[in-house]
Each structure stands twice: as structure tokens, then as C-alpha cells.
There are 2 protein chains.
Amino acid sequence: MKNIALFLMGCGGVGRQFLQQIVSCRSLHAKQGVHLRVVGVCDSKSLVVAPDVLTAELDDSFLLEICRVKSNGSSLQTLKDLGVCQVFSGPEVTQKVIDIGHLGKSAGLAFVDCSASAETIGVLNQVVNFGCCVVLANKKPLTVPMEDYDKLVSQPRRLRHESTVGAGLPVIASLNRIISSGDPIYRIIGSLSGTLGYVMSEVEDGKPFSQVVTAAKSLGYTEPDPRDDLGGMDVARKALILARLLGRRLNLDDMKIESLYPEEMGPDVMPLEDFLVNGLPLLDKKIEDRIKQASANGNVLRYVCLIDDVRCEVGIQEVPKDSALGRLRGSDNVVEIYTRCYEKRPLVIQGAGAGNDTTAAGVLADILDIQDLFP
Amino acid sequence: MKNIALFLMGCGGVGRQFLQQIVSCRSLHAKQGVHLRVVGVCDSKSLVVAPDVLTAELDDSFLLEICRVKSNGSSLQTLKDLGVCQVFSGPEVTQKVIDIGHLGKSAGLAFVDCSASAETIGVLNQVVNFGCCVVLANKKPLTVPMEDYDKLVSQPRRLRHESTVGAGLPVIASLNRIISSGDPIYRIIGSLSGTLGYVMSEVEDGKPFSQVVTAAKSLGYTEPDPRDDLGGMDVARKALILARLLGRRLNLDDMKIESLYPEEMGPDVMPLEDFLVNGLPLLDKKIEDRIKQASANGNVLRYVCLIDDVRCEVGIQEVPKDSALGRLRGSDNVVEIYTRCYEKRPLVIQGAGAGNDTTAAGVLADILDIQDLFP
């Protein structure tokens, strides 16, 4: 039986779903000859860890208790009373986590980052240095400046991050296969935001942009402040991750990122309510004109990430109506990959690109995929 | 530097492309810290092997010479004169290949089957037993009776066969990810024959079936005898491979396989010329009627493989016009995968599903993917 020791950072929606999937997959994984041993869990404030990282684990009922406590909004601190783990909090958490990485050095240990924090890069780079594996759902460690990025990816076989682009969709795995087969990648173009995919396909039907965004917000498709989606930064991070995978040495600052609202309507300038009521409608005309222009060219508009030999940008592009991107409706993600083998007709991967369940499933698949690195 | 020793079985279009891709990827793979060491190559008649399997290799100029000789229609025997290898032929080939597998036992060795023969299963099951890895482009070893299949897949991590379904398309890799994340797969439906995909999308436009098949033959889209495509056996093999991956214990005999021509027009009964001139036109009316019926239901016809909890079959099905399958045009393959995570909107993978280059690229990606199993 392969014994894969895991340490989980971040215990929000994705992290909790991940723990629950581990528990529910016990018999499936046993059949595959694998046991996932969760040795510790931390959030930004606290850390719970098994009494002996090298041999013990947090058992399934305890993992589910962690999920229960965290979804109630309570602190991991409350688990201290259960007495089956060590609990740390405050400034000593980071050092303790690094100590765990150091212990895992010889026996193999995977650090799973399901947080949404840029702060984890420090810990991750230290444990990579110890020889630990790293599995990310968190995009931010992959969008840090190149110098830190280089350290993180210095052992590429020990790093997996399928869920950072398109949730569980096999985008990264497929790109890695193409890269290792020596098939040169000419262009990647994709709709990698379910929210913006929904918005762009709805405005295509003639609905005003402001109305579509307001509806998307009330349906829960957007962040609480829709400008977090409309600004394009989340898509830009995904584009940067893909571009760097292709060997491009870029930073976020180098990228052209189109925001769907102007600076003067930004969160620092205009209150949310004001933006929704007065700001948004001012944007309708411009989008409508662009749609008409695209339609006259036989195209539709999509908010895409576009990577080729010279460009790595995110924003609105005209795409052919009858392409996979052009036919996209609703909140699916889609990626078109053009290579020498897929030159005229791209390799297309499409499906739900968000959600705690699909994201956690991608993380779990990544971990099973690195099993050969464990004794 | 990882040193991955390979033995290639089969040296037709795919095998030769594979050898050429190995040679052209040398610097890329060196950057990834991997060296592919080809220790031997065989076809159904002859075997060339490096003087010492444990340390030596067939060098790049020799690999290219193998490709040249084989594409000229000459025998591997002619390489004897070059003196940098051992050459065997006739009945001793099989035993020598098994001996090589035995030698590879300790140091790690991957057997790559790019032949199209059902005969390789004997050798493959022996070398699996020695602990060798197996990478298949050849579908037939995976469609043998369950007893032999069970032996072949007894070390699932050491077996890869991406190119057996959809050439280089990441169908198997994606299914394996879904399976290991515990996401139950409800249904797979796909168009897995470029030829039949082309035929079905052309007849949809109102062209007679006979005319489309004749055109496809003259364009080189079909086998020399188009009945090899129209009979559905190639798609059935792919469906069986997918169903077995999902844990279904089935044999080819258990499957419902729809042939697009009736028995009395089979190759054993009717000469090819007769079939093309007199047989085919008799089939037009029935297909036309089915297309009209489908259209009345808002659907189109596709020749698909369909796997769910109870079915594993191949044949013509009505699919919604606006699904990925329904929108398919030309010779692309497409697979729709429905799971708990992708319940209403499937995970879709689409792209060229045939060709020596994409097939060989899939084999090469498989090999890079098992690198962690090598010392």
C-alpha cells in the first residue's frame, strides 16, 4: 500500500470539500493501493497537526470535525479540546508548518494549498527545497515574480496545479502531455471565467450589459462585488500560469489586461451600489456597438485569454461564431489549443470550470498522479 | 538525468514516427532531465537489438536508418551489415524479445507496442510479469478476453495506452483523473472514428450515403476497403477499452455493434468493387429516412460509442443538434463525459483523433508520464 502523507493549507470551501472527498474515497483508493494520510491542516491563523507527523494521522472523524468547525465559522483552536492533535496559533504557525515540511523530507510529504493567499509562497518555496511535493488549487503562488516562481517550479515533477486553471478540467495535464511529446504549441485561446462566459453569451442575445451583470450577480454567478470578475485579474492570473508553463518569462505587470469597467468606476472610487445603479448602464452602449461590429464580421465577442508567440493578454476578442469558443453558452470554460498536431482544428477541452467540488476533484487527481514519487 | 530504456514493437507508420519524434526531441527531453534509450526494435519478422541491453542503445543515426529501411519496404535484416547491433529473425524473435524483457527487470524497461497485431499479448503479459512498463498504441492487446486483459493491467501504473482511443487526445488520461478523484462516471458518448464522423456529418447535409462513402474513399479518409470502417469494429474496440477502464468486465462478443452494411454485403460475400458500385447505393434510402426522423426530433445522427451503467455499444444514435457531438463536422473525434461533477453539461474533449503524428505524440507523452517509475 502506497502511503501518501498530506498537509493541507487553507480550509475554506475547496479545502473542506477536498477533505470530505478524501474520506469518501477511502475504499476506492484502497482498491488502487493508495492511502492518503492527512498529517495536518492549517488556515491563516491556526494549525492542527497529528502527534507524530512521520507515523500518525488525523483520522476521518477528526477531518470531518475540522470541516464542521470551519463551516460554522469557528476557529481550528476549538479542536484543542479533542486532545488527539497538537494545535498552534498566531505567529508560531508558519515556523511549525516549515518544521513539518522538514520532517517530511525523507519519507515524502505533499503540501496542498487550497487557500487563496499570496502569502503561502514563502512556506511553499521552503518545503520544495526540502524535497516535498506541492499541489496547488491556489493560483497566487504561481503568479509571483519570476524569481520566486523559478524556485517553486524547480522540481516540476513534484509540482501539480491542475485546479488553478479551469478547476478540474484537464487543461494543465493536457498541455504538459503536448509539451513532453515535443509538439510545439502555437496558440492557446480560452474562456476561463464562467462569469464572463455567461455575461458575453447573454449580451450576444441582445440583452443590455448592465442588465446581464445585475442578473448574474443576483443568481450568485459573480463575486459579491462583480467588479472582481469584470476587472479580468482572475483570468489574467490563469493566462499567466499557462504562459509560464509554455516557458514564457512574464510577470502580471507585463500583461495587457482589459477591464470591462473604466478606472473611474473602480472599487476605490465608486461605492458598489453606485456602480450597480449608475455606473453599469453607462457601459451598455459601448458593448452593444462592439457586438454589432463583431456580428458584421461574422464573429461573436468573448472575454478570453490569448497566448501565442508574442502575446499573453486577456480581454474581449472577436472569435468565429462556429468555433468552440464562439458556440460557448452559459458558464462553461473552454480552451482551444493550436499545435503542429492540432494546427487548423484545435484540441478543445470544455466543461464546468469552477465550483468547490470540481476544484477539489482536480486536487485529488493531482495527488493520485504523483503517487509514484512516494515510497 | 533519468534514463528510460525502451523496446519498440512494430515499425509501421506510427512506430517510425515515434522513433523520429524521439530523435527530434533530444534537446527538449534533456532540458526536462530525461534521456530515452532505445535498446531494440522488432517487427513481426525480425529483431534488432543493442549489443548490451543494460547499457548500450541504438544511436540516433541508426534509429533513422531503421525508419528509412522500413519505409522502403525492406527488412530489418538488411541492418545486419551495419554491425552495430544484433539481428534475429524467424521463430527465435519472440523468445529473444522475452529475454530482453527479463534483462530489463531490474533496471526498468518500457515495451512500446506500435504494431496492429493481436499476437503481442503473449509477450506483453510476460514482460509485465517481469515488472516492465508497457505503453500501447496498439488497441488489440486491450480487447483480448478478460483473463489475459487482467494480467496485462495487473500493474495499472506501469501501463499507459492514451493513443488507443482518440490518438493523442487526452481521453484516457482525463478518465483516469476523474476515476482517481472518486467522481462517478455516469455516461461516455463519443464519435471515435474520424471516417464515420466525416460520413455522418456529410450525409446530414443531404448527400447520399453511397456518394459520401465513395468520396471519403477517394480522399483517403477510409481504409482501402471502406467496410473496415463501416463495420464499426474499430470503434467497438475503443468502446471496450473505455468500458474496461471504468471497471466493466466485458468482452467484444458481449457488445452490440451496429454495422453500416448488412451481412450479405460483407467482404467474404461481396467483392469490393461490387460493394462500391452495386451494394452501397442500396443503403442510401434507409440512412436518409433515419436522418429525416432524427431531424423531426430536433436531432442529428452520429455513429457513436455509448457507455453507461448498463450499455456498452457502438452504432448510430440520435444526439441533440446543439451538443458537442451534434455540432461535430469533418473528421475530428469528440468525447462527452458525464459525471457527478459534469452532470448536465459534460466534460468535452475534441480534436484530431487519428494520424501517425498525433498517435506517436500520445505514445511519447505516455512515456514521459511514467518517468517517475525509472531510477
# chains A, B, ... in the order shown; residues from 1 in each chain; ligands from 1
>>> select_by_dssp(residues="range 68-131 of chain B", states="helix (DSSP H, G or I)", output="VMD selection string")
chain B and resid 68 to 71 76 to 82 92 to 107 118 to 130
>>> write_last_selection(atoms="C-alpha atoms", output="short mmCIF file (atom, residue, chain, number, x, y, z; two decimals), in the first residue's frame")
data_model
loop_
_atom_site.label_atom_id
_atom_site.label_comp_id
_atom_site.auth_asym_id
_atom_site.auth_seq_id
_atom_site.Cartn_x
_atom_site.Cartn_y
_atom_site.Cartn_z
CA ARG B 68 14.45 4.57 -43.83
CA VAL B 69 14.79 0.82 -44.34
CA LYS B 70 11.24 0.09 -43.17
CA SER B 71 9.59 2.82 -45.21
CA LEU B 76 15.22 -5.14 -40.65
CA GLN B 77 17.55 -7.98 -41.68
CA THR B 78 19.34 -5.60 -44.01
CA LEU B 79 20.66 -3.74 -40.95
CA LYS B 80 22.84 -6.74 -40.11
CA ASP B 81 25.58 -5.36 -42.31
CA LEU B 82 25.90 -2.20 -40.21
CA GLU B 92 13.63 -17.09 -32.40
CA VAL B 93 12.43 -13.44 -32.36
CA THR B 94 9.72 -13.94 -29.72
CA GLN B 95 12.00 -15.72 -27.27
CA LYS B 96 14.72 -13.10 -27.74
CA VAL B 97 12.21 -10.31 -27.04
CA ILE B 98 11.14 -12.04 -23.84
CA ASP B 99 14.82 -12.42 -22.87
CA ILE B 100 15.21 -8.66 -23.28
CA GLY B 101 12.20 -8.10 -21.00
CA HIS B 102 13.84 -10.36 -18.44
CA LEU B 103 17.07 -8.37 -18.60
CA GLY B 104 15.13 -5.15 -18.16
CA LYS B 105 13.55 -6.46 -14.97
CA SER B 106 15.91 -4.80 -12.53
CA ALA B 107 16.86 -1.58 -14.32
CA ALA B 118 -3.27 -9.23 -31.51
CA GLU B 119 -0.25 -11.53 -31.24
CA THR B 120 1.78 -9.25 -28.98
CA ILE B 121 -0.36 -10.02 -25.92
CA GLY B 122 1.72 -13.10 -25.09
CA VAL B 123 4.99 -11.19 -24.93
CA LEU B 124 3.40 -8.22 -23.17
CA ASN B 125 1.92 -10.34 -20.40
CA GLN B 126 5.29 -11.95 -19.82
CA VAL B 127 7.19 -8.68 -19.57
CA VAL B 128 4.50 -7.16 -17.32
CA ASN B 129 5.17 -10.12 -15.09
CA PHE B 130 8.88 -9.20 -15.04
#
>>> residues_around(residues="range 15-25 of chain A", least_positions_apart="5", cutoff="10 Å", atoms="only C-alpha atoms", output="ChimeraX atom specification")
/A:8-10,30-31,35-38,41,43,59-61,63-64,66-68,70-71,112-115,137,356-364 /B:180-183
>>> write_last_selection(atoms="C-alpha atoms", output="JSON list (two decimals), in the first residue's frame")
[["chain", "number", "residue", "atom", "x", "y", "z"],
["A", 8, "LEU", "CA", -3.44, 20.93, 3.85],
["A", 9, "MET", "CA", -3.12, 24.72, 3.82],
["A", 10, "GLY", "CA", -6.43, 26.56, 3.66],
["A", 30, "ALA", "CA", -7.60, 1.23, -1.10],
["A", 31, "LYS", "CA", -8.54, -0.71, -4.24],
["A", 35, "HIS", "CA", -3.74, 5.52, 1.40],
["A", 36, "LEU", "CA", -3.87, 9.29, 1.89],
["A", 37, "ARG", "CA", -2.60, 10.18, 5.34],
["A", 38, "VAL", "CA", -3.54, 13.71, 6.36],
["A", 41, "VAL", "CA", -4.31, 21.23, 8.44],
["A", 43, "ASP", "CA", -5.63, 28.14, 7.95],
["A", 59, "ASP", "CA", -8.42, 10.26, 11.42],
["A", 60, "ASP", "CA", -11.52, 10.56, 9.29],
["A", 61, "SER", "CA", -13.90, 11.58, 12.04],
["A", 63, "LEU", "CA", -11.16, 15.50, 9.41],
["A", 64, "LEU", "CA", -14.94, 15.78, 9.22],
["A", 66, "ILE", "CA", -12.46, 20.12, 11.05],
["A", 67, "CYS", "CA", -14.91, 20.66, 8.17],
["A", 68, "ARG", "CA", -17.81, 21.10, 10.59],
["A", 70, "LYS", "CA", -14.72, 25.64, 9.84],
["A", 71, "SER", "CA", -18.06, 25.79, 8.05],
["A", 112, "VAL", "CA", -1.68, 21.01, -0.65],
["A", 113, "ASP", "CA", -2.51, 24.70, -0.94],
["A", 114, "CYS", "CA", -6.26, 25.28, -1.13],
["A", 115, "SER", "CA", -6.02, 28.82, 0.26],
["A", 137, "ALA", "CA", -5.58, 24.92, -6.11],
["A", 356, "ASN", "CA", -15.65, 23.62, -4.94],
["A", 357, "ASP", "CA", -16.39, 20.02, -5.96],
["A", 358, "THR", "CA", -14.67, 20.12, -9.36],
["A", 359, "THR", "CA", -11.74, 22.12, -7.95],
["A", 360, "ALA", "CA", -11.23, 19.66, -5.09],
["A", 361, "ALA", "CA", -11.57, 16.74, -7.52],
["A", 362, "GLY", "CA", -8.75, 18.25, -9.58],
["A", 363, "VAL", "CA", -6.54, 18.49, -6.49],
["A", 364, "LEU", "CA", -7.28, 14.89, -5.55],
["B", 180, "SER", "CA", -8.94, 8.64, -9.09],
["B", 181, "SER", "CA", -10.78, 11.70, -7.77],
["B", 182, "GLY", "CA", -13.76, 9.46, -6.99],
["B", 183, "ASP", "CA", -16.13, 11.35, -9.29]]
>>> residues_around(residues="Pro320 in chain B", least_positions_apart="3", cutoff="6 Å", atoms="only C-alpha atoms", output="mmCIF file with C-alpha atoms, in the first residue's frame")
data_model
loop_
_atom_site.group_PDB
_atom_site.id
_atom_site.type_symbol
_atom_site.label_atom_id
_atom_site.label_comp_id
_atom_site.auth_asym_id
_atom_site.auth_seq_id
_atom_site.Cartn_x
_atom_site.Cartn_y
_atom_site.Cartn_z
ATOM 1 C CA ASN B 299 -31.587 15.754 -33.514
ATOM 2 C CA SER B 323 -24.480 19.272 -28.261
ATOM 3 C CA GLY B 326 -24.250 17.207 -32.721
#
>>> closest_residue(among="A:Pro170, A:Leu306, A:Gln293, A:Ala56", to="chain B", atoms="only C-alpha atoms")
A:Pro170
>>> residues_around(residues="Gly351 in chain B", least_positions_apart="3", cutoff="8 Å", atoms="only C-alpha atoms", output="list of chain:residue names")
A:Tyr342, A:Arg345, A:Pro346, A:Leu347, A:Val348, B:Leu169, B:Asp332, B:Asn333, B:Val334
>>> write_last_selection(atoms="N, CA and C atoms", output="compact mmCIF listing (two decimals), in the first residue's frame")
# COMPACT_ATOMS: atom_id res chain seq x y z
N TYR A 342 -2.30 19.84 -33.96
CA TYR A 342 -3.66 20.38 -33.98
C TYR A 342 -3.58 21.79 -34.56
N ARG A 345 -7.51 22.61 -36.87
CA ARG A 345 -8.59 22.32 -35.93
C ARG A 345 -7.95 22.07 -34.57
N PRO A 346 -8.26 22.91 -33.59
CA PRO A 346 -7.55 22.82 -32.31
C PRO A 346 -7.98 21.62 -31.48
N LEU A 347 -7.15 21.30 -30.50
CA LEU A 347 -7.56 20.42 -29.41
C LEU A 347 -8.44 21.27 -28.49
N VAL A 348 -9.65 20.80 -28.22
CA VAL A 348 -10.61 21.58 -27.42
C VAL A 348 -10.95 20.83 -26.14
N LEU B 169 -5.37 12.58 -28.32
CA LEU B 169 -6.33 13.30 -27.47
C LEU B 169 -6.28 12.75 -26.04
N ASP B 332 -12.88 15.28 -36.97
CA ASP B 332 -12.49 15.34 -35.57
C ASP B 332 -13.15 14.22 -34.77
N ASN B 333 -12.46 13.79 -33.71
CA ASN B 333 -13.11 12.96 -32.70
C ASN B 333 -13.65 13.86 -31.60
N VAL B 334 -14.70 13.43 -30.91
CA VAL B 334 -15.17 14.17 -29.75
C VAL B 334 -15.70 13.17 -28.73
>>> closest_residue(among="A:Pro184, A:Gly108, A:Gly131, A:Pro262", to="chain B", atoms="only C-alpha atoms")
A:Pro184
>>> residues_around(residues="Ala50 in chain A", least_positions_apart="3", cutoff="10 Å", atoms="only C-alpha atoms", output="PyMOL selection string")
chain A and resi 38-41+53-59+84-87
>>> closest_residue(among="A:Phe7, A:Lys292, A:Asp150, A:Arg177", to="Val135 in chain A", atoms="only C-alpha atoms")
A:Phe7
>>> atom_distance(atom1="CA of Arg187 in chain B", atom2="CA of Leu142 in chain B")
20.6 Å
>>> select_by_dssp(residues="range 122-344 of chain B", states="strand (DSSP E or B)", output="ChimeraX atom specification")
/B:133-136,159-160,185-191,256-257,299-308,312-320,332-339
>>> residues_around(residues="Gly247 in chain A", least_positions_apart="4", cutoff="12 Å", atoms="only C-alpha atoms", output="PDB file with all heavy atoms, in the first residue's frame")
ATOM      1  N   MET A 146       8.975  36.309 -11.163  1.00  0.00           N
ATOM      2  CA  MET A 146       9.668  35.154 -11.747  1.00  0.00           C
ATOM      3  C   MET A 146      10.673  34.494 -10.793  1.00  0.00           C
ATOM      4  O   MET A 146      10.798  33.265 -10.783  1.00  0.00           O
ATOM      5  CB  MET A 146      10.404  35.567 -13.031  1.00  0.00           C
ATOM      6  CG  MET A 146       9.566  35.583 -14.283  1.00  0.00           C
ATOM      7  SD  MET A 146       8.607  34.074 -14.639  1.00  0.00           S
ATOM      8  CE  MET A 146       9.895  32.906 -15.035  1.00  0.00           C
ATOM      9  N   TYR A 149       8.897  32.323  -8.535  1.00  0.00           N
ATOM     10  CA  TYR A 149       8.260  31.280  -9.362  1.00  0.00           C
ATOM     11  C   TYR A 149       9.279  30.203  -9.732  1.00  0.00           C
ATOM     12  O   TYR A 149       9.004  29.012  -9.652  1.00  0.00           O
ATOM     13  CB  TYR A 149       7.663  31.922 -10.612  1.00  0.00           C
ATOM     14  CG  TYR A 149       7.085  30.924 -11.609  1.00  0.00           C
ATOM     15  CD1 TYR A 149       5.786  30.459 -11.452  1.00  0.00           C
ATOM     16  CD2 TYR A 149       7.829  30.457 -12.682  1.00  0.00           C
ATOM     17  CE1 TYR A 149       5.241  29.546 -12.353  1.00  0.00           C
ATOM     18  CE2 TYR A 149       7.297  29.540 -13.594  1.00  0.00           C
ATOM     19  CZ  TYR A 149       6.003  29.098 -13.419  1.00  0.00           C
ATOM     20  OH  TYR A 149       5.471  28.201 -14.303  1.00  0.00           O
ATOM     21  N   ASP A 150      10.464  30.642 -10.152  1.00  0.00           N
ATOM     22  CA  ASP A 150      11.508  29.683 -10.553  1.00  0.00           C
ATOM     23  C   ASP A 150      11.821  28.694  -9.436  1.00  0.00           C
ATOM     24  O   ASP A 150      12.054  27.513  -9.678  1.00  0.00           O
ATOM     25  CB  ASP A 150      12.783  30.425 -10.963  1.00  0.00           C
ATOM     26  CG  ASP A 150      12.657  31.067 -12.340  1.00  0.00           C
ATOM     27  OD1 ASP A 150      11.783  30.623 -13.124  1.00  0.00           O
ATOM     28  OD2 ASP A 150      13.425  32.004 -12.627  1.00  0.00           O
ATOM     29  N   VAL A 153       8.937  26.096  -9.101  1.00  0.00           N
ATOM     30  CA  VAL A 153       8.824  25.075 -10.161  1.00  0.00           C
ATOM     31  C   VAL A 153      10.159  24.349 -10.411  1.00  0.00           C
ATOM     32  O   VAL A 153      10.304  23.670 -11.421  1.00  0.00           O
ATOM     33  CB  VAL A 153       8.312  25.683 -11.493  1.00  0.00           C
ATOM     34  CG1 VAL A 153       6.964  26.347 -11.294  1.00  0.00           C
ATOM     35  CG2 VAL A 153       9.319  26.657 -12.083  1.00  0.00           C
ATOM     36  N   LEU A 175      -1.718  20.087 -21.544  1.00  0.00           N
ATOM     37  CA  LEU A 175      -0.610  20.901 -22.036  1.00  0.00           C
ATOM     38  C   LEU A 175       0.723  20.233 -21.728  1.00  0.00           C
ATOM     39  O   LEU A 175       1.624  20.197 -22.571  1.00  0.00           O
ATOM     40  CB  LEU A 175      -0.661  22.310 -21.439  1.00  0.00           C
ATOM     41  CG  LEU A 175      -1.750  23.221 -22.024  1.00  0.00           C
ATOM     42  CD1 LEU A 175      -1.852  24.510 -21.220  1.00  0.00           C
ATOM     43  CD2 LEU A 175      -1.470  23.542 -23.489  1.00  0.00           C
ATOM     44  N   ASN A 176       0.845  19.678 -20.525  1.00  0.00           N
ATOM     45  CA  ASN A 176       2.089  19.001 -20.182  1.00  0.00           C
ATOM     46  C   ASN A 176       2.355  17.808 -21.090  1.00  0.00           C
ATOM     47  O   ASN A 176       3.504  17.542 -21.463  1.00  0.00           O
ATOM     48  CB  ASN A 176       2.079  18.569 -18.710  1.00  0.00           C
ATOM     49  CG  ASN A 176       2.528  19.698 -17.790  1.00  0.00           C
ATOM     50  OD1 ASN A 176       3.344  20.539 -18.177  1.00  0.00           O
ATOM     51  ND2 ASN A 176       1.980  19.731 -16.584  1.00  0.00           N
ATOM     52  N   ILE A 179       3.549  19.241 -24.388  1.00  0.00           N
ATOM     53  CA  ILE A 179       4.919  19.751 -24.264  1.00  0.00           C
ATOM     54  C   ILE A 179       5.917  18.594 -24.260  1.00  0.00           C
ATOM     55  O   ILE A 179       6.918  18.611 -24.980  1.00  0.00           O
ATOM     56  CB  ILE A 179       5.064  20.605 -22.984  1.00  0.00           C
ATOM     57  CG1 ILE A 179       4.275  21.906 -23.135  1.00  0.00           C
ATOM     58  CG2 ILE A 179       6.538  20.887 -22.675  1.00  0.00           C
ATOM     59  CD1 ILE A 179       4.067  22.674 -21.843  1.00  0.00           C
ATOM     60  N   PRO A 184       5.041  21.494 -30.840  1.00  0.00           N
ATOM     61  CA  PRO A 184       5.100  22.915 -30.494  1.00  0.00           C
ATOM     62  C   PRO A 184       3.710  23.553 -30.405  1.00  0.00           C
ATOM     63  O   PRO A 184       2.866  23.338 -31.266  1.00  0.00           O
ATOM     64  CB  PRO A 184       5.900  23.529 -31.641  1.00  0.00           C
ATOM     65  CG  PRO A 184       5.876  22.542 -32.738  1.00  0.00           C
ATOM     66  CD  PRO A 184       5.661  21.196 -32.138  1.00  0.00           C
ATOM     67  N   ILE A 185       3.489  24.326 -29.347  1.00  0.00           N
ATOM     68  CA  ILE A 185       2.192  24.974 -29.130  1.00  0.00           C
ATOM     69  C   ILE A 185       2.243  26.366 -29.748  1.00  0.00           C
ATOM     70  O   ILE A 185       3.054  27.201 -29.364  1.00  0.00           O
ATOM     71  CB  ILE A 185       1.864  25.037 -27.622  1.00  0.00           C
ATOM     72  CG1 ILE A 185       1.689  23.610 -27.091  1.00  0.00           C
ATOM     73  CG2 ILE A 185       0.598  25.866 -27.368  1.00  0.00           C
ATOM     74  CD1 ILE A 185       1.641  23.500 -25.590  1.00  0.00           C
ATOM     75  N   LEU A 240      -1.432  33.877 -17.162  1.00  0.00           N
ATOM     76  CA  LEU A 240      -0.011  33.908 -16.799  1.00  0.00           C
ATOM     77  C   LEU A 240       0.495  32.509 -16.454  1.00  0.00           C
ATOM     78  O   LEU A 240       1.600  32.109 -16.841  1.00  0.00           O
ATOM     79  CB  LEU A 240       0.212  34.870 -15.625  1.00  0.00           C
ATOM     80  CG  LEU A 240       1.671  35.045 -15.206  1.00  0.00           C
ATOM     81  CD1 LEU A 240       2.514  35.628 -16.326  1.00  0.00           C
ATOM     82  CD2 LEU A 240       1.787  35.919 -13.950  1.00  0.00           C
ATOM     83  N   ILE A 241      -0.326  31.746 -15.740  1.00  0.00           N
ATOM     84  CA  ILE A 241       0.048  30.374 -15.378  1.00  0.00           C
ATOM     85  C   ILE A 241       0.289  29.550 -16.644  1.00  0.00           C
ATOM     86  O   ILE A 241       1.286  28.828 -16.763  1.00  0.00           O
ATOM     87  CB  ILE A 241      -1.043  29.736 -14.488  1.00  0.00           C
ATOM     88  CG1 ILE A 241      -1.035  30.402 -13.107  1.00  0.00           C
ATOM     89  CG2 ILE A 241      -0.836  28.230 -14.360  1.00  0.00           C
ATOM     90  CD1 ILE A 241      -2.222  30.060 -12.224  1.00  0.00           C
ATOM     91  N   LEU A 242      -0.609  29.676 -17.623  1.00  0.00           N
ATOM     92  CA  LEU A 242      -0.451  28.915 -18.869  1.00  0.00           C
ATOM     93  C   LEU A 242       0.780  29.382 -19.650  1.00  0.00           C
ATOM     94  O   LEU A 242       1.542  28.569 -20.170  1.00  0.00           O
ATOM     95  CB  LEU A 242      -1.711  29.050 -19.743  1.00  0.00           C
ATOM     96  CG  LEU A 242      -3.005  28.472 -19.163  1.00  0.00           C
ATOM     97  CD1 LEU A 242      -4.154  28.638 -20.151  1.00  0.00           C
ATOM     98  CD2 LEU A 242      -2.841  27.015 -18.781  1.00  0.00           C
ATOM     99  N   ALA A 243       0.955  30.698 -19.728  1.00  0.00           N
ATOM    100  CA  ALA A 243       2.091  31.236 -20.485  1.00  0.00           C
ATOM    101  C   ALA A 243       3.416  30.783 -19.876  1.00  0.00           C
ATOM    102  O   ALA A 243       4.358  30.417 -20.588  1.00  0.00           O
ATOM    103  CB  ALA A 243       2.017  32.760 -20.540  1.00  0.00           C
ATOM    104  N   ILE A 307      -2.808  33.456 -25.753  1.00  0.00           N
ATOM    105  CA  ILE A 307      -1.357  33.303 -25.638  1.00  0.00           C
ATOM    106  C   ILE A 307      -0.816  32.772 -26.961  1.00  0.00           C
ATOM    107  O   ILE A 307      -1.289  31.747 -27.457  1.00  0.00           O
ATOM    108  CB  ILE A 307      -1.001  32.303 -24.522  1.00  0.00           C
ATOM    109  CG1 ILE A 307      -1.570  32.772 -23.183  1.00  0.00           C
ATOM    110  CG2 ILE A 307       0.513  32.128 -24.422  1.00  0.00           C
ATOM    111  CD1 ILE A 307      -1.774  31.659 -22.194  1.00  0.00           C
ATOM    112  N   ASP A 308       0.120  33.483 -27.542  1.00  0.00           N
ATOM    113  CA  ASP A 308       0.850  32.935 -28.689  1.00  0.00           C
ATOM    114  C   ASP A 308       2.303  33.344 -28.551  1.00  0.00           C
ATOM    115  O   ASP A 308       2.751  33.707 -27.447  1.00  0.00           O
ATOM    116  CB  ASP A 308       0.211  33.348 -30.029  1.00  0.00           C
ATOM    117  CG  ASP A 308       0.198  34.854 -30.221  1.00  0.00           C
ATOM    118  OD1 ASP A 308       0.973  35.568 -29.521  1.00  0.00           O
ATOM    119  OD2 ASP A 308      -0.583  35.327 -31.064  1.00  0.00           O
ATOM    120  N   ASP A 309       3.053  33.286 -29.634  1.00  0.00           N
ATOM    121  CA  ASP A 309       4.493  33.536 -29.520  1.00  0.00           C
ATOM    122  C   ASP A 309       4.810  34.928 -29.004  1.00  0.00           C
ATOM    123  O   ASP A 309       5.843  35.137 -28.365  1.00  0.00           O
ATOM    124  CB  ASP A 309       5.170  33.345 -30.881  1.00  0.00           C
ATOM    125  CG  ASP A 309       5.375  31.875 -31.176  1.00  0.00           C
ATOM    126  OD1 ASP A 309       5.177  31.064 -30.249  1.00  0.00           O
ATOM    127  OD2 ASP A 309       5.713  31.543 -32.320  1.00  0.00           O
ATOM    128  N   CYS A 312       0.478  37.644 -24.637  1.00  0.00           N
ATOM    129  CA  CYS A 312      -0.137  36.975 -23.488  1.00  0.00           C
ATOM    130  C   CYS A 312      -1.056  38.010 -22.896  1.00  0.00           C
ATOM    131  O   CYS A 312      -0.621  38.873 -22.138  1.00  0.00           O
ATOM    132  CB  CYS A 312       0.906  36.492 -22.490  1.00  0.00           C
ATOM    133  SG  CYS A 312       0.139  35.860 -20.988  1.00  0.00           S
TER     134      CYS A 312
ATOM    135  N   LEU B  28      14.941  18.873 -26.087  1.00  0.00           N
ATOM    136  CA  LEU B  28      13.803  19.162 -25.204  1.00  0.00           C
ATOM    137  C   LEU B  28      13.817  18.232 -23.992  1.00  0.00           C
ATOM    138  O   LEU B  28      13.697  18.674 -22.839  1.00  0.00           O
ATOM    139  CB  LEU B  28      12.497  18.995 -25.982  1.00  0.00           C
ATOM    140  CG  LEU B  28      11.224  19.073 -25.151  1.00  0.00           C
ATOM    141  CD1 LEU B  28      10.856  20.522 -24.884  1.00  0.00           C
ATOM    142  CD2 LEU B  28      10.071  18.343 -25.820  1.00  0.00           C
ATOM    143  N   LYS B  31      16.492  18.941 -21.490  1.00  0.00           N
ATOM    144  CA  LYS B  31      16.105  20.054 -20.616  1.00  0.00           C
ATOM    145  C   LYS B  31      15.200  19.582 -19.480  1.00  0.00           C
ATOM    146  O   LYS B  31      15.230  20.124 -18.378  1.00  0.00           O
ATOM    147  CB  LYS B  31      15.351  21.120 -21.434  1.00  0.00           C
ATOM    148  CG  LYS B  31      16.162  22.373 -21.681  1.00  0.00           C
ATOM    149  CD  LYS B  31      15.281  23.475 -22.250  1.00  0.00           C
ATOM    150  CE  LYS B  31      15.436  23.565 -23.740  1.00  0.00           C
ATOM    151  NZ  LYS B  31      14.499  24.503 -24.383  1.00  0.00           N
TER     152      LYS B  31
END
>>> residues_around(residues="Pro267 in chain A", least_positions_apart="4", cutoff="9 Å", atoms="only C-alpha atoms", output="PyMOL selection string")
chain A and resi 225+227-228+263+271-272+275
